[in-house]
Amino acid sequence: MAESPASARERIMETSLRLFYQNGIRATGIDRIIAESGVAKMSFYRNFPSKKDLVAEFLKRRHEFWMNWFSGRVGELRAEGATGLTVLTDALEEWFREPTFRGCAFINIVAEPGEESERVLAQEHKESLRQFILGLLPATDASRAGEYADLALLIVEGAIVRAQMTGDPKAAAQARRLLGMLDTEWAKNS
């Protein structure tokens with residue numbers, strides 16, 4: 001019986017999402033994805049003519065998955081009473097404690113030599129995260145809000161890298177202290 005393209009595509013994507021995040025883009029070969037997803041080679045290439053196509057889809061899906069999770073979790077924490085930018089670290093710490101945590105797929109991909117299109121998708125992801133952070137700031141001073149969002153993003157990115165490098169979720173607590181200082185400064189200058 002022939003595989004249905006939709007189910008083959010989804011199995012390829014599920015396998016790619018796991019392996020690319022776990023092992024990296026360059027370290028994960030097409031043959032391994034084909035073997036672990038259980039699709040025929042012809043089905044793979046019918047759905048993804050090249051690894052470049054698969055990587056682009058991986059990055060789009062990873063962006064959608066992570067931003068939906070992160071923004072949703074931050075929203076839940078804010079509904080529970082969390083305020084300011086420190087709320088970001090509560091969600092980050094949960095992520096850092098996951099056994100499958102391997103850092104940010106977008107930071108990881110720009111660390112690997114690769115396609116310019118991958119770098120562009122990573123930049124778009126980071127801009128989406130910046131815009132999300134910007135939306136958490138009271139809209140009192142747009143020019144200053146942009147500066148604070150940039151600083152907050154730098155702290156968040158640093159915490160992600162630190163947690164990945166050390167394997168210690170306490171990087172979120174350190175980021176919390178820095179974001180708390182930023183919250184205090186924002187309140188004082190608003």
# chains A, B, ... in the order shown; residues from 1 in each chain; ligands from 1
$ select_by_dssp --residues "stretch 8-163 of chain A" --states "helix (DSSP H, G or I)" --output "JSON list (two decimals) with C-alpha atoms, in the first residue's frame"
[["chain", "number", "residue", "atom", "x", "y", "z"],
["A", 8, "ALA", "CA", 4.59, 10.80, 5.17],
["A", 9, "ARG", "CA", 5.21, 14.57, 5.29],
["A", 10, "GLU", "CA", 4.06, 14.75, 8.91],
["A", 11, "ARG", "CA", 6.23, 11.80, 9.95],
["A", 12, "ILE", "CA", 9.20, 13.42, 8.24],
["A", 13, "MET", "CA", 8.48, 16.70, 9.99],
["A", 14, "GLU", "CA", 7.99, 15.12, 13.42],
["A", 15, "THR", "CA", 11.27, 13.25, 13.03],
["A", 16, "SER", "CA", 13.09, 16.33, 11.72],
["A", 17, "LEU", "CA", 11.76, 18.52, 14.53],
["A", 18, "ARG", "CA", 13.15, 16.07, 17.07],
["A", 19, "LEU", "CA", 16.47, 15.24, 15.40],
["A", 20, "PHE", "CA", 17.37, 18.73, 14.17],
["A", 21, "TYR", "CA", 16.72, 20.19, 17.60],
["A", 22, "GLN", "CA", 18.43, 17.34, 19.44],
["A", 23, "ASN", "CA", 21.51, 16.94, 17.23],
["A", 30, "ILE", "CA", 18.63, 12.84, 5.33],
["A", 31, "ASP", "CA", 19.18, 9.08, 5.48],
["A", 32, "ARG", "CA", 18.69, 9.10, 9.26],
["A", 33, "ILE", "CA", 15.50, 11.15, 8.94],
["A", 34, "ILE", "CA", 14.18, 8.75, 6.29],
["A", 35, "ALA", "CA", 15.03, 5.71, 8.43],
["A", 36, "GLU", "CA", 13.57, 7.08, 11.67],
["A", 37, "SER", "CA", 10.44, 8.49, 10.05],
["A", 41, "LYS", "CA", 13.25, 7.74, 0.04],
["A", 42, "MET", "CA", 11.00, 8.61, -2.89],
["A", 43, "SER", "CA", 8.30, 9.84, -0.49],
["A", 44, "PHE", "CA", 10.84, 11.98, 1.29],
["A", 45, "TYR", "CA", 12.00, 13.69, -1.90],
["A", 46, "ARG", "CA", 8.44, 14.07, -3.13],
["A", 47, "ASN", "CA", 7.69, 16.10, 0.01],
["A", 51, "LYS", "CA", 17.48, 19.28, 2.77],
["A", 52, "LYS", "CA", 17.33, 23.07, 2.40],
["A", 53, "ASP", "CA", 13.54, 22.81, 1.92],
["A", 54, "LEU", "CA", 13.23, 20.57, 4.97],
["A", 55, "VAL", "CA", 15.35, 22.91, 7.12],
["A", 56, "ALA", "CA", 13.24, 25.91, 6.08],
["A", 57, "GLU", "CA", 10.05, 24.05, 7.07],
["A", 58, "PHE", "CA", 11.68, 22.93, 10.34],
["A", 59, "LEU", "CA", 12.54, 26.54, 11.23],
["A", 60, "LYS", "CA", 9.05, 27.77, 10.37],
["A", 61, "ARG", "CA", 7.42, 25.08, 12.48],
["A", 62, "ARG", "CA", 9.88, 25.49, 15.35],
["A", 63, "HIS", "CA", 9.17, 29.23, 15.36],
["A", 64, "GLU", "CA", 5.42, 28.66, 15.42],
["A", 65, "PHE", "CA", 5.62, 25.97, 18.11],
["A", 66, "TRP", "CA", 7.99, 27.86, 20.40],
["A", 67, "MET", "CA", 6.38, 31.29, 20.10],
["A", 68, "ASN", "CA", 2.92, 29.80, 20.69],
["A", 69, "TRP", "CA", 4.17, 27.96, 23.76],
["A", 70, "PHE", "CA", 6.17, 30.88, 25.15],
["A", 71, "SER", "CA", 3.59, 33.60, 24.57],
["A", 72, "GLY", "CA", 0.85, 31.32, 25.89],
["A", 73, "ARG", "CA", 2.81, 30.45, 29.01],
["A", 74, "VAL", "CA", 3.73, 34.08, 29.69],
["A", 75, "GLY", "CA", 0.06, 34.98, 29.22],
["A", 76, "GLU", "CA", -0.97, 32.34, 31.76],
["A", 77, "LEU", "CA", 1.60, 33.60, 34.26],
["A", 78, "ARG", "CA", 0.41, 37.19, 33.81],
["A", 79, "ALA", "CA", -3.18, 36.04, 34.36],
["A", 87, "VAL", "CA", 7.54, 37.02, 33.99],
["A", 88, "LEU", "CA", 9.66, 35.95, 31.01],
["A", 89, "THR", "CA", 12.07, 34.11, 33.29],
["A", 90, "ASP", "CA", 9.35, 31.98, 34.86],
["A", 91, "ALA", "CA", 8.51, 30.54, 31.45],
["A", 92, "LEU", "CA", 12.19, 30.25, 30.54],
["A", 93, "GLU", "CA", 12.98, 28.30, 33.68],
["A", 94, "GLU", "CA", 10.24, 25.80, 32.88],
["A", 95, "TRP", "CA", 11.75, 25.34, 29.42],
["A", 96, "PHE", "CA", 15.30, 25.04, 30.81],
["A", 105, "ALA", "CA", 17.16, 26.22, 17.68],
["A", 106, "PHE", "CA", 17.63, 29.62, 16.07],
["A", 107, "ILE", "CA", 20.76, 30.52, 18.04],
["A", 108, "ASN", "CA", 22.06, 27.02, 17.32],
["A", 109, "ILE", "CA", 21.49, 27.30, 13.59],
["A", 110, "VAL", "CA", 23.34, 30.59, 13.21],
["A", 111, "ALA", "CA", 26.24, 29.01, 15.08],
["A", 116, "GLU", "CA", 21.72, 32.74, 4.34],
["A", 117, "SER", "CA", 18.02, 31.86, 4.21],
["A", 118, "GLU", "CA", 18.43, 30.06, 7.56],
["A", 119, "ARG", "CA", 20.00, 33.17, 9.09],
["A", 120, "VAL", "CA", 17.10, 35.28, 7.77],
["A", 121, "LEU", "CA", 14.54, 32.93, 9.37],
["A", 122, "ALA", "CA", 16.49, 33.08, 12.64],
["A", 123, "GLN", "CA", 16.51, 36.89, 12.52],
["A", 124, "GLU", "CA", 12.76, 36.91, 11.85],
["A", 125, "HIS", "CA", 12.22, 34.63, 14.86],
["A", 126, "LYS", "CA", 14.24, 36.93, 17.10],
["A", 127, "GLU", "CA", 12.34, 39.97, 15.83],
["A", 128, "SER", "CA", 9.06, 38.21, 16.67],
["A", 129, "LEU", "CA", 10.36, 37.56, 20.18],
["A", 130, "ARG", "CA", 11.42, 41.23, 20.46],
["A", 131, "GLN", "CA", 7.97, 42.36, 19.37],
["A", 132, "PHE", "CA", 6.40, 40.05, 21.94],
["A", 133, "ILE", "CA", 8.59, 41.54, 24.68],
["A", 134, "LEU", "CA", 7.79, 45.03, 23.43],
["A", 135, "GLY", "CA", 4.10, 44.22, 23.83],
["A", 136, "LEU", "CA", 4.67, 43.50, 27.53],
["A", 142, "ALA", "CA", 7.63, 54.08, 22.20],
["A", 143, "SER", "CA", 11.27, 55.06, 21.63],
["A", 144, "ARG", "CA", 12.31, 54.02, 25.12],
["A", 145, "ALA", "CA", 10.17, 50.89, 24.94],
["A", 146, "GLY", "CA", 12.18, 49.74, 21.91],
["A", 147, "GLU", "CA", 15.42, 50.22, 23.81],
["A", 148, "TYR", "CA", 14.09, 48.30, 26.82],
["A", 149, "ALA", "CA", 12.81, 45.50, 24.59],
["A", 150, "ASP", "CA", 16.29, 45.23, 23.05],
["A", 151, "LEU", "CA", 17.89, 45.04, 26.50],
["A", 152, "ALA", "CA", 15.36, 42.47, 27.68],
["A", 153, "LEU", "CA", 15.94, 40.36, 24.55],
["A", 154, "LEU", "CA", 19.68, 40.45, 25.20],
["A", 155, "ILE", "CA", 19.09, 39.20, 28.75],
["A", 156, "VAL", "CA", 16.72, 36.45, 27.56],
["A", 157, "GLU", "CA", 19.12, 35.32, 24.84],
["A", 158, "GLY", "CA", 22.02, 35.30, 27.29],
["A", 159, "ALA", "CA", 20.03, 33.19, 29.75],
["A", 160, "ILE", "CA", 19.15, 30.69, 27.03],
["A", 161, "VAL", "CA", 22.79, 30.32, 25.97],
["A", 162, "ARG", "CA", 23.98, 30.13, 29.58],
["A", 163, "ALA", "CA", 21.41, 27.44, 30.45]]
